[in-house]
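See structure below.
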Amino acid sequence: MLCQLSINNFAIVRFLELDFKAGMTTITGETGAGKSIAIDALGLCLGNRSDANTVRPGANKTEVSARFTLHDVPQAKRWLEDNDLDNEDDCILRRTINSDGRSRAYINGNPVPIAQLKSIGQLLIGIHGQHAHHAMLKSEHQLTLLDSYANHKLLIDTVHASYQRNKQIENELKMLEHAQHERISRKQLLQYQVEELDEFNLADGEFVEIEQEHKRLANGTELIETCQASLDLLTEGEEFNIESLLNKVIHLADNLQSVDEKLAPVASMLNEALIQIQESTVEIEDYLSRLELDPEHFTYLEKRLTTAMQLSRKHHVSAEDLSTHHAQLKAELVGLSDDETKLDEIKQALAFSREAYLTHAQKLSQSRARYAKELDKLVTRSIHELNMPKGQFNIAVNFNPEMSNSLGCDQVEFLVSTNPGQPLQPIAKVASGGELSRIGLGIQVITAKKVSTPTLIFDEVDVGISGPTAAVVGRMLRSLGDSTQVFCVTHLPQVAGNGHQHMFVNKFNKGGQTETTMQNLDKEQRINELARLLGGDIITENTLANARELLQ
């Protein structure tokens, strides 16, 4: 629960440090005194939006901190542990806003994003504003109220996850279908290109081999003539050849070696040269014996080479890369065929996903219908107590698969009959302002009993209520305060008199500046404040007697 709230330089508050207790605390004050200012300041600690106007004129910054005890709030303790922000059994939320509008947030002294204040704040405090009953006219808020009462979060989370999965598959299917026309055109082109390249069937590295062989055959005559001329020079020339000349030099070297052994290496090198000449001759002769000038094969090579060059220009790749390009086109064609299969698979997956979503949504709808019957009886009983003795309340839950969303397929509508003999009709059509306030307050109190939030704030939710009805409202809120910490900003003495504690808000001028203070009232001060609420500025013995009676 909320134990302490400290406010520095917030709007017209210079400094406030408030200690709170369990039970129901009522907050009153004159009109314009700033009864809701503590709630607005607390809202900063809960992650509400801020701006530079928040800072008190003349001050450098606003600072607000709130301390909570977490003895009976296991979900909040678990959240702090999960985010490495735990501090035993306490939680301190702090917010600062500079005069230039910059804001900083802290949890247990650790700097955090504003989003984390909001997350932990939802587990600590629930705020019901004075216009909450107007929101009740909207279908989506009616659904929220029913779900708050039912508290079937697991079912809602399951439906939400199932819906998101279904939307994901739908989007994937739309993308594939959108690209289907382009995919078909691309597939047709690829089929033609792959068939053309399949027919040519150029192997990897084949183009280089063809090019080399074509070059050899194209220069066949020159190769034969040049090889023969080389043989003549090496060994076959009758008048002159290298082998015979080298033999003569070797003979001379042998003679020189016999005279001086230092010339032995020369003779050795000349012999090695002779061996190389003879081996070269054998290689050339072997090459000549295998060299065939086949005109038909040359024509075949030339045709294949020409086709390869044409295809390379057509596909905008080099002839050497044509084989690789062929393989890539084949792979892309297979991929497109796989996309067709994937399209069928996704359609089937979407059907299964949709069926699963509807199954989960149906379970959620059944839970809503069950709790709607419970809430019908409780709200009807509540509005009877709130001076609508013949009123009837009913929640219609209609399952409509065509209206599916992340919250299911239900259309929820609050129906009410305020007078005997009148049929149940949508609440917006029948209820007057006062009736709407009473019905809304009854629902808020009933749903508040079902939630696990340890602290509830009701900010002038009793607007439009007076007389005996106000006394019933006060008793309802006090009953709620027996199990939950409740704060109630009110202008009704019947409600204020039911509080376990009473705080008074006062606005005054000091040194030319406006300030607001807030104080706990003792018994006598409470009697005087209740008398003021009962009779206005003039307090009489009768109003004081009435005030004492309210406190009893």
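Chains: A, B, ... in order of the structure tokens. Residues: from 1 per chain. Ligands: from 1, in order shown.
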Report the residues of range 182-295 of chain A whose backbone DSSP state falls under alpha helix (DSSP H), written as a ChimeraX atom specification. /A:182-200,206-218,220-231,242-259,264-290,295
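Neighbouring residues of range 513-524 of chain A at 9 Å or closer, counting only C-alpha atoms and skipping chain neighbours under 3 positions away, are Ala11, Ile12, Val13, Arg14, Phe15, Leu16, Glu17, Leu18, Ile27, Ala33, Gly34, Lys35, Ile37, Ala38, Gln501, His502, Met503, Phe504, Val505, Asn506, Lys507, Phe508, Asn509, Lys510, Ile527, Asn528, Glu529 and Leu551 of chain A.
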For N, CA and C atoms, I'd like the residues from the last selection saved as an mmCIF file, in the first residue's frame.
data_model
loop_
_atom_site.group_PDB
_atom_site.id
_atom_site.type_symbol
_atom_site.label_atom_id
_atom_site.label_comp_id
_atom_site.auth_asym_id
_atom_site.auth_seq_id
_atom_site.Cartn_x
_atom_site.Cartn_y
_atom_site.Cartn_z
ATOM 1 N N ALA A 11 3.403 22.574 -9.014
ATOM 2 C CA ALA A 11 2.290 23.500 -9.258
ATOM 3 C C ALA A 11 2.215 24.521 -8.112
ATOM 4 N N ILE A 12 1.101 24.515 -7.331
ATOM 5 C CA ILE A 12 0.984 25.491 -6.245
ATOM 6 C C ILE A 12 1.394 24.898 -4.896
ATOM 7 N N VAL A 13 1.978 23.699 -4.926
ATOM 8 C CA VAL A 13 2.487 23.085 -3.699
ATOM 9 C C VAL A 13 3.976 23.396 -3.555
ATOM 10 N N ARG A 14 4.328 24.015 -2.421
ATOM 11 C CA ARG A 14 5.749 24.268 -2.166
ATOM 12 C C ARG A 14 6.403 23.016 -1.593
ATOM 13 N N PHE A 15 5.798 22.494 -0.508
ATOM 14 C CA PHE A 15 6.325 21.258 0.083
ATOM 15 C C PHE A 15 5.211 20.562 0.849
ATOM 16 N N LEU A 16 5.104 19.259 0.598
ATOM 17 C CA LEU A 16 4.169 18.429 1.350
ATOM 18 C C LEU A 16 4.820 17.083 1.617
ATOM 19 N N GLU A 17 4.664 16.591 2.822
ATOM 20 C CA GLU A 17 5.097 15.224 3.124
ATOM 21 C C GLU A 17 3.950 14.563 3.872
ATOM 22 N N LEU A 18 3.316 13.590 3.237
ATOM 23 C CA LEU A 18 2.097 12.990 3.759
ATOM 24 C C LEU A 18 2.322 11.527 4.095
ATOM 25 N N ILE A 27 -10.691 12.795 1.220
ATOM 26 C CA ILE A 27 -9.985 14.058 0.990
ATOM 27 C C ILE A 27 -11.015 15.098 0.597
ATOM 28 N N ALA A 33 -9.395 24.468 -4.199
ATOM 29 C CA ALA A 33 -8.273 24.396 -3.242
ATOM 30 C C ALA A 33 -7.189 23.442 -3.735
ATOM 31 N N GLY A 34 -7.536 22.573 -4.654
ATOM 32 C CA GLY A 34 -6.549 21.630 -5.180
ATOM 33 C C GLY A 34 -6.666 20.254 -4.555
ATOM 34 N N LYS A 35 -7.929 19.780 -4.398
ATOM 35 C CA LYS A 35 -8.136 18.475 -3.748
ATOM 36 C C LYS A 35 -7.464 17.341 -4.516
ATOM 37 N N ILE A 37 -4.725 17.601 -6.246
ATOM 38 C CA ILE A 37 -3.329 17.905 -6.580
ATOM 39 C C ILE A 37 -2.383 16.794 -6.132
ATOM 40 N N ALA A 38 -2.671 16.159 -4.979
ATOM 41 C CA ALA A 38 -1.815 15.066 -4.524
ATOM 42 C C ALA A 38 -1.905 13.883 -5.482
ATOM 43 N N GLN A 501 -9.926 7.695 7.838
ATOM 44 C CA GLN A 501 -9.147 8.918 8.043
ATOM 45 C C GLN A 501 -9.747 10.008 7.163
ATOM 46 N N HIS A 502 -9.417 11.249 7.528
ATOM 47 C CA HIS A 502 -9.944 12.391 6.768
ATOM 48 C C HIS A 502 -8.814 13.399 6.592
ATOM 49 N N MET A 503 -8.578 13.811 5.357
ATOM 50 C CA MET A 503 -7.548 14.812 5.077
ATOM 51 C C MET A 503 -8.213 16.033 4.460
ATOM 52 N N PHE A 504 -7.695 17.209 4.837
ATOM 53 C CA PHE A 504 -8.270 18.471 4.379
ATOM 54 C C PHE A 504 -7.241 19.230 3.536
ATOM 55 N N VAL A 505 -7.696 19.731 2.397
ATOM 56 C CA VAL A 505 -6.833 20.503 1.489
ATOM 57 C C VAL A 505 -7.186 21.975 1.638
ATOM 58 N N ASN A 506 -6.166 22.795 1.825
ATOM 59 C CA ASN A 506 -6.389 24.226 2.035
ATOM 60 C C ASN A 506 -5.456 25.032 1.134
ATOM 61 N N LYS A 507 -6.009 26.074 0.526
ATOM 62 C CA LYS A 507 -5.208 26.957 -0.341
ATOM 63 C C LYS A 507 -5.148 28.343 0.307
ATOM 64 N N PHE A 508 -3.936 28.956 0.309
ATOM 65 C CA PHE A 508 -3.788 30.276 0.928
ATOM 66 C C PHE A 508 -2.690 31.047 0.203
ATOM 67 N N ASN A 509 -2.616 32.331 0.468
ATOM 68 C CA ASN A 509 -1.588 33.199 -0.112
ATOM 69 C C ASN A 509 -0.530 33.497 0.928
ATOM 70 N N LYS A 510 0.723 33.413 0.498
ATOM 71 C CA LYS A 510 1.832 33.695 1.402
ATOM 72 C C LYS A 510 2.926 34.414 0.618
ATOM 73 N N ILE A 527 -15.323 16.975 12.486
ATOM 74 C CA ILE A 527 -16.697 17.421 12.712
ATOM 75 C C ILE A 527 -16.919 18.794 12.093
ATOM 76 N N ASN A 528 -15.954 19.690 12.283
ATOM 77 C CA ASN A 528 -16.075 21.034 11.707
ATOM 78 C C ASN A 528 -16.081 20.994 10.176
ATOM 79 N N GLU A 529 -15.227 20.148 9.593
ATOM 80 C CA GLU A 529 -15.173 20.060 8.127
ATOM 81 C C GLU A 529 -16.464 19.452 7.572
ATOM 82 N N LEU A 551 -20.341 10.907 11.701
ATOM 83 C CA LEU A 551 -19.152 10.191 12.155
ATOM 84 C C LEU A 551 -19.501 8.953 12.969
#
Going by DSSP on the backbone, which bits of range 100-237 of chain A are strand (DSSP E)? Write them as a PyMOL selection string, please. chain A and resi 103-107+110-112+125-128
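For the residues A:Ser119, A:Pro57, A:Ile97, A:Ser103, ranking by smallest atom-to-atom distance to Asn83 in chain A using only C-alpha atoms places A:Ser119 first.
One finds CA of Ile39 in chain A at 18.2 Å from CA of Ala52 in chain A.
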May I have the residues within 9 Å of Phe200 in chain A as a list in words, using only C-alpha atoms and disregarding those fewer than 3 positions away in the same chain? Glu195, Glu196, Leu197, Arg304, Thr307 and Ala308 of chain A
Would you output that residue set with N, CA, C and O atoms, as a tab-separated table (two decimals), in the first residue's frame?
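Generated file (selection.tsv):
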chain	number	residue	atom	x	y	z
A	195	GLU	N	15.88	-23.88	-70.03
A	195	GLU	CA	15.75	-24.86	-71.13
A	195	GLU	C	16.78	-24.57	-72.22
A	195	GLU	O	17.40	-25.49	-72.77
A	196	GLU	N	16.97	-23.29	-72.54
A	196	GLU	CA	17.94	-22.90	-73.56
A	196	GLU	C	19.36	-23.29	-73.13
A	196	GLU	O	20.13	-23.85	-73.93
A	197	LEU	N	19.70	-23.01	-71.87
A	197	LEU	CA	21.03	-23.34	-71.37
A	197	LEU	C	21.19	-24.84	-71.15
A	197	LEU	O	22.29	-25.37	-71.28
A	304	ARG	N	30.20	-24.06	-81.42
A	304	ARG	CA	29.95	-24.06	-79.98
A	304	ARG	C	30.51	-22.80	-79.33
A	304	ARG	O	29.90	-22.22	-78.43
A	307	THR	N	28.13	-19.93	-80.20
A	307	THR	CA	26.89	-20.01	-79.40
A	307	THR	C	27.14	-19.56	-77.97
A	307	THR	O	26.33	-18.84	-77.36
A	308	ALA	N	28.27	-19.96	-77.41
A	308	ALA	CA	28.61	-19.56	-76.04
A	308	ALA	C	28.74	-18.04	-75.94
A	308	ALA	O	28.27	-17.43	-74.97
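For Ala351 in chain A, the residues within 12 Å (counting only C-alpha atoms, excluding itself and residues fewer than 3 positions away along the chain) are Arg165, Asn166, Lys167, Ile169, Glu170, Leu173, Asp344, Glu345, Ile346, Lys347, Gln348, Arg354, Glu355, Ala356, Tyr357 and Leu358 of chain A.
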Counting only C-alpha atoms, which residues of range 329-439 of chain A sit at most 10 Å from some atom of range 463-487 of chain A, and what is each one's closest atom pair with its distance in Å to one decimal, listed by chain and rising residue number, as a Markdown table?
| residue | atom | partner | partner_atom | distance |
| --- | --- | --- | --- | --- |
| A:Ser382 | CA | A:Met476 | CA | 9.2 |
| A:Ile383 | CA | A:Thr469 | CA | 9.7 |
| A:Glu385 | CA | A:Val472 | CA | 6.8 |
| A:Leu386 | CA | A:Thr469 | CA | 5.1 |
| A:Asn387 | CA | A:Thr469 | CA | 5.9 |
| A:Met388 | CA | A:Thr469 | CA | 9.3 |
| A:Gly433 | CA | A:Gly464 | CA | 7.0 |
| A:Gly434 | CA | A:Gly464 | CA | 5.0 |
| A:Glu435 | CA | A:Gly464 | CA | 8.4 |
| A:Leu436 | CA | A:Gly464 | CA | 8.9 |
| A:Ser437 | CA | A:Gly464 | CA | 6.4 |
| A:Arg438 | CA | A:Ile465 | CA | 7.1 |
Residues as selected, N, CA, C and O atoms, written as a short mmCIF file (atom, residue, chain, number, x, y, z; two decimals), in the first residue's frame, can you do that?
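Everything below was put into out17.cif:
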data_model
loop_
_atom_site.label_atom_id
_atom_site.label_comp_id
_atom_site.auth_asym_id
_atom_site.auth_seq_id
_atom_site.Cartn_x
_atom_site.Cartn_y
_atom_site.Cartn_z
N SER A 382 -26.55 -3.52 -6.49
CA SER A 382 -25.90 -2.27 -6.12
C SER A 382 -26.76 -1.06 -6.49
O SER A 382 -26.90 -0.13 -5.69
N ILE A 383 -27.35 -1.07 -7.69
CA ILE A 383 -28.16 0.10 -8.09
C ILE A 383 -29.48 0.14 -7.32
O ILE A 383 -30.06 1.21 -7.16
N GLU A 385 -29.57 -0.49 -4.12
CA GLU A 385 -29.12 0.21 -2.92
C GLU A 385 -28.89 1.69 -3.19
O GLU A 385 -29.03 2.52 -2.30
N LEU A 386 -28.52 2.01 -4.44
CA LEU A 386 -28.23 3.39 -4.81
C LEU A 386 -29.48 4.11 -5.33
O LEU A 386 -29.42 4.89 -6.29
N ASN A 387 -30.60 3.82 -4.69
CA ASN A 387 -31.86 4.53 -4.95
C ASN A 387 -32.41 4.32 -6.36
O ASN A 387 -32.99 5.22 -6.95
N MET A 388 -32.18 3.13 -6.90
CA MET A 388 -32.84 2.72 -8.15
C MET A 388 -33.47 1.36 -7.88
O MET A 388 -33.05 0.33 -8.40
N GLY A 433 -27.94 11.37 -16.33
CA GLY A 433 -26.61 11.62 -15.79
C GLY A 433 -26.44 11.05 -14.40
O GLY A 433 -25.44 10.39 -14.10
N GLY A 434 -27.44 11.27 -13.53
CA GLY A 434 -27.35 10.76 -12.17
C GLY A 434 -27.39 9.25 -12.12
O GLY A 434 -26.65 8.61 -11.36
N GLU A 435 -28.26 8.66 -12.93
CA GLU A 435 -28.36 7.20 -12.97
C GLU A 435 -27.07 6.59 -13.50
O GLU A 435 -26.58 5.58 -12.98
N LEU A 436 -26.51 7.25 -14.51
CA LEU A 436 -25.24 6.76 -15.07
C LEU A 436 -24.14 6.80 -14.03
O LEU A 436 -23.33 5.88 -13.92
N SER A 437 -24.11 7.88 -13.22
CA SER A 437 -23.10 7.99 -12.17
C SER A 437 -23.23 6.85 -11.18
O SER A 437 -22.24 6.26 -10.75
N ARG A 438 -24.46 6.55 -10.78
CA ARG A 438 -24.68 5.51 -9.78
C ARG A 438 -24.32 4.13 -10.32
O ARG A 438 -23.68 3.32 -9.65
#
Skipping near chain neighbours, those fewer than 3 positions away, what residues fall within 9 Å of range 312-323 of chain A using only C-alpha atoms, listed as a VMD selection string? chain A and resid 193 197 201 to 208 307 to 309 326 to 328
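Taking only C-alpha atoms, the non-local environment of Glu460 in chain A within 8 Å (same-chain residues fewer than 5 positions away omitted) comprises Gly129, Gln130, Cys488, Val489, Thr490 and His491 of chain A.
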Pull N, CA, C and O atoms from the residues just selected and write them as an mmCIF file, in the first residue's frame.
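The result, written out as again_5.cif:
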data_model
loop_
_atom_site.group_PDB
_atom_site.id
_atom_site.type_symbol
_atom_site.label_atom_id
_atom_site.label_comp_id
_atom_site.auth_asym_id
_atom_site.auth_seq_id
_atom_site.Cartn_x
_atom_site.Cartn_y
_atom_site.Cartn_z
ATOM 1 N N GLY A 129 -11.338 7.948 -12.168
ATOM 2 C CA GLY A 129 -11.586 9.381 -12.287
ATOM 3 C C GLY A 129 -13.063 9.724 -12.253
ATOM 4 O O GLY A 129 -13.938 8.860 -12.363
ATOM 5 N N GLN A 130 -13.345 11.041 -12.126
ATOM 6 C CA GLN A 130 -14.727 11.494 -11.987
ATOM 7 C C GLN A 130 -15.519 11.334 -13.274
ATOM 8 O O GLN A 130 -16.747 11.371 -13.252
ATOM 9 N N CYS A 488 -10.436 8.649 -1.392
ATOM 10 C CA CYS A 488 -11.626 9.159 -2.062
ATOM 11 C C CYS A 488 -11.666 10.676 -1.962
ATOM 12 O O CYS A 488 -11.826 11.232 -0.866
ATOM 13 N N VAL A 489 -11.490 11.351 -3.095
ATOM 14 C CA VAL A 489 -11.663 12.805 -3.156
ATOM 15 C C VAL A 489 -13.160 13.056 -3.333
ATOM 16 O O VAL A 489 -13.769 12.556 -4.280
ATOM 17 N N THR A 490 -13.761 13.804 -2.412
ATOM 18 C CA THR A 490 -15.216 13.959 -2.443
ATOM 19 C C THR A 490 -15.648 15.340 -1.991
ATOM 20 O O THR A 490 -14.887 16.067 -1.327
ATOM 21 N N HIS A 491 -16.877 15.711 -2.339
ATOM 22 C CA HIS A 491 -17.476 16.953 -1.836
ATOM 23 C C HIS A 491 -18.738 16.624 -1.029
ATOM 24 O O HIS A 491 -19.458 17.530 -0.619
#
Within 9 Å of range 218-225 of chain A, which residues of range 268-330 of chain A come that close, and what is the closest atom pair and distance in Å for each? Count only C-alpha atoms and give it as CSV.
residue,atom,partner,partner_atom,distance
A:Leu288,CA,A:Ile224,CA,6.7
A:Leu291,CA,A:Gly220,CA,7.8
A:Glu292,CA,A:Gly220,CA,8.0
A:Leu293,CA,A:Gly220,CA,6.3
A:Phe298,CA,A:Ala218,CA,7.6
So that I have them on file, write out the residues from the current selection with N, CA, C and O atoms, as a PDB file, in the first residue's frame.
ATOM      1  N   LEU A 288      53.693 -33.653 -82.852  1.00  0.00           N
ATOM      2  CA  LEU A 288      53.339 -33.684 -84.286  1.00  0.00           C
ATOM      3  C   LEU A 288      52.561 -34.946 -84.645  1.00  0.00           C
ATOM      4  O   LEU A 288      51.642 -34.915 -85.477  1.00  0.00           O
ATOM      5  N   LEU A 291      48.941 -34.363 -83.525  1.00  0.00           N
ATOM      6  CA  LEU A 291      48.252 -33.189 -84.050  1.00  0.00           C
ATOM      7  C   LEU A 291      47.479 -33.566 -85.303  1.00  0.00           C
ATOM      8  O   LEU A 291      48.063 -33.957 -86.313  1.00  0.00           O
ATOM      9  N   GLU A 292      46.113 -33.465 -85.182  1.00  0.00           N
ATOM     10  CA  GLU A 292      45.253 -33.799 -86.309  1.00  0.00           C
ATOM     11  C   GLU A 292      44.466 -32.556 -86.706  1.00  0.00           C
ATOM     12  O   GLU A 292      43.858 -31.908 -85.875  1.00  0.00           O
ATOM     13  N   LEU A 293      44.444 -32.282 -87.949  1.00  0.00           N
ATOM     14  CA  LEU A 293      43.673 -31.139 -88.455  1.00  0.00           C
ATOM     15  C   LEU A 293      42.341 -31.665 -88.991  1.00  0.00           C
ATOM     16  O   LEU A 293      42.224 -32.034 -90.153  1.00  0.00           O
ATOM     17  N   PHE A 298      36.775 -28.909 -86.074  1.00  0.00           N
ATOM     18  CA  PHE A 298      37.017 -27.471 -86.001  1.00  0.00           C
ATOM     19  C   PHE A 298      35.711 -26.696 -86.193  1.00  0.00           C
ATOM     20  O   PHE A 298      35.425 -25.729 -85.473  1.00  0.00           O
TER      21      PHE A 298
END
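Our summary of the geometry notes that CA of Pro295 in chain A is positioned 8.5 Å from CA of Leu217 in chain A.
With only C-alpha atoms as the atoms that count, the minimum distance from Ala448 in chain A to the choices A:Arg216, A:Lys77, A:His128, A:Arg94 is reached by A:His128.
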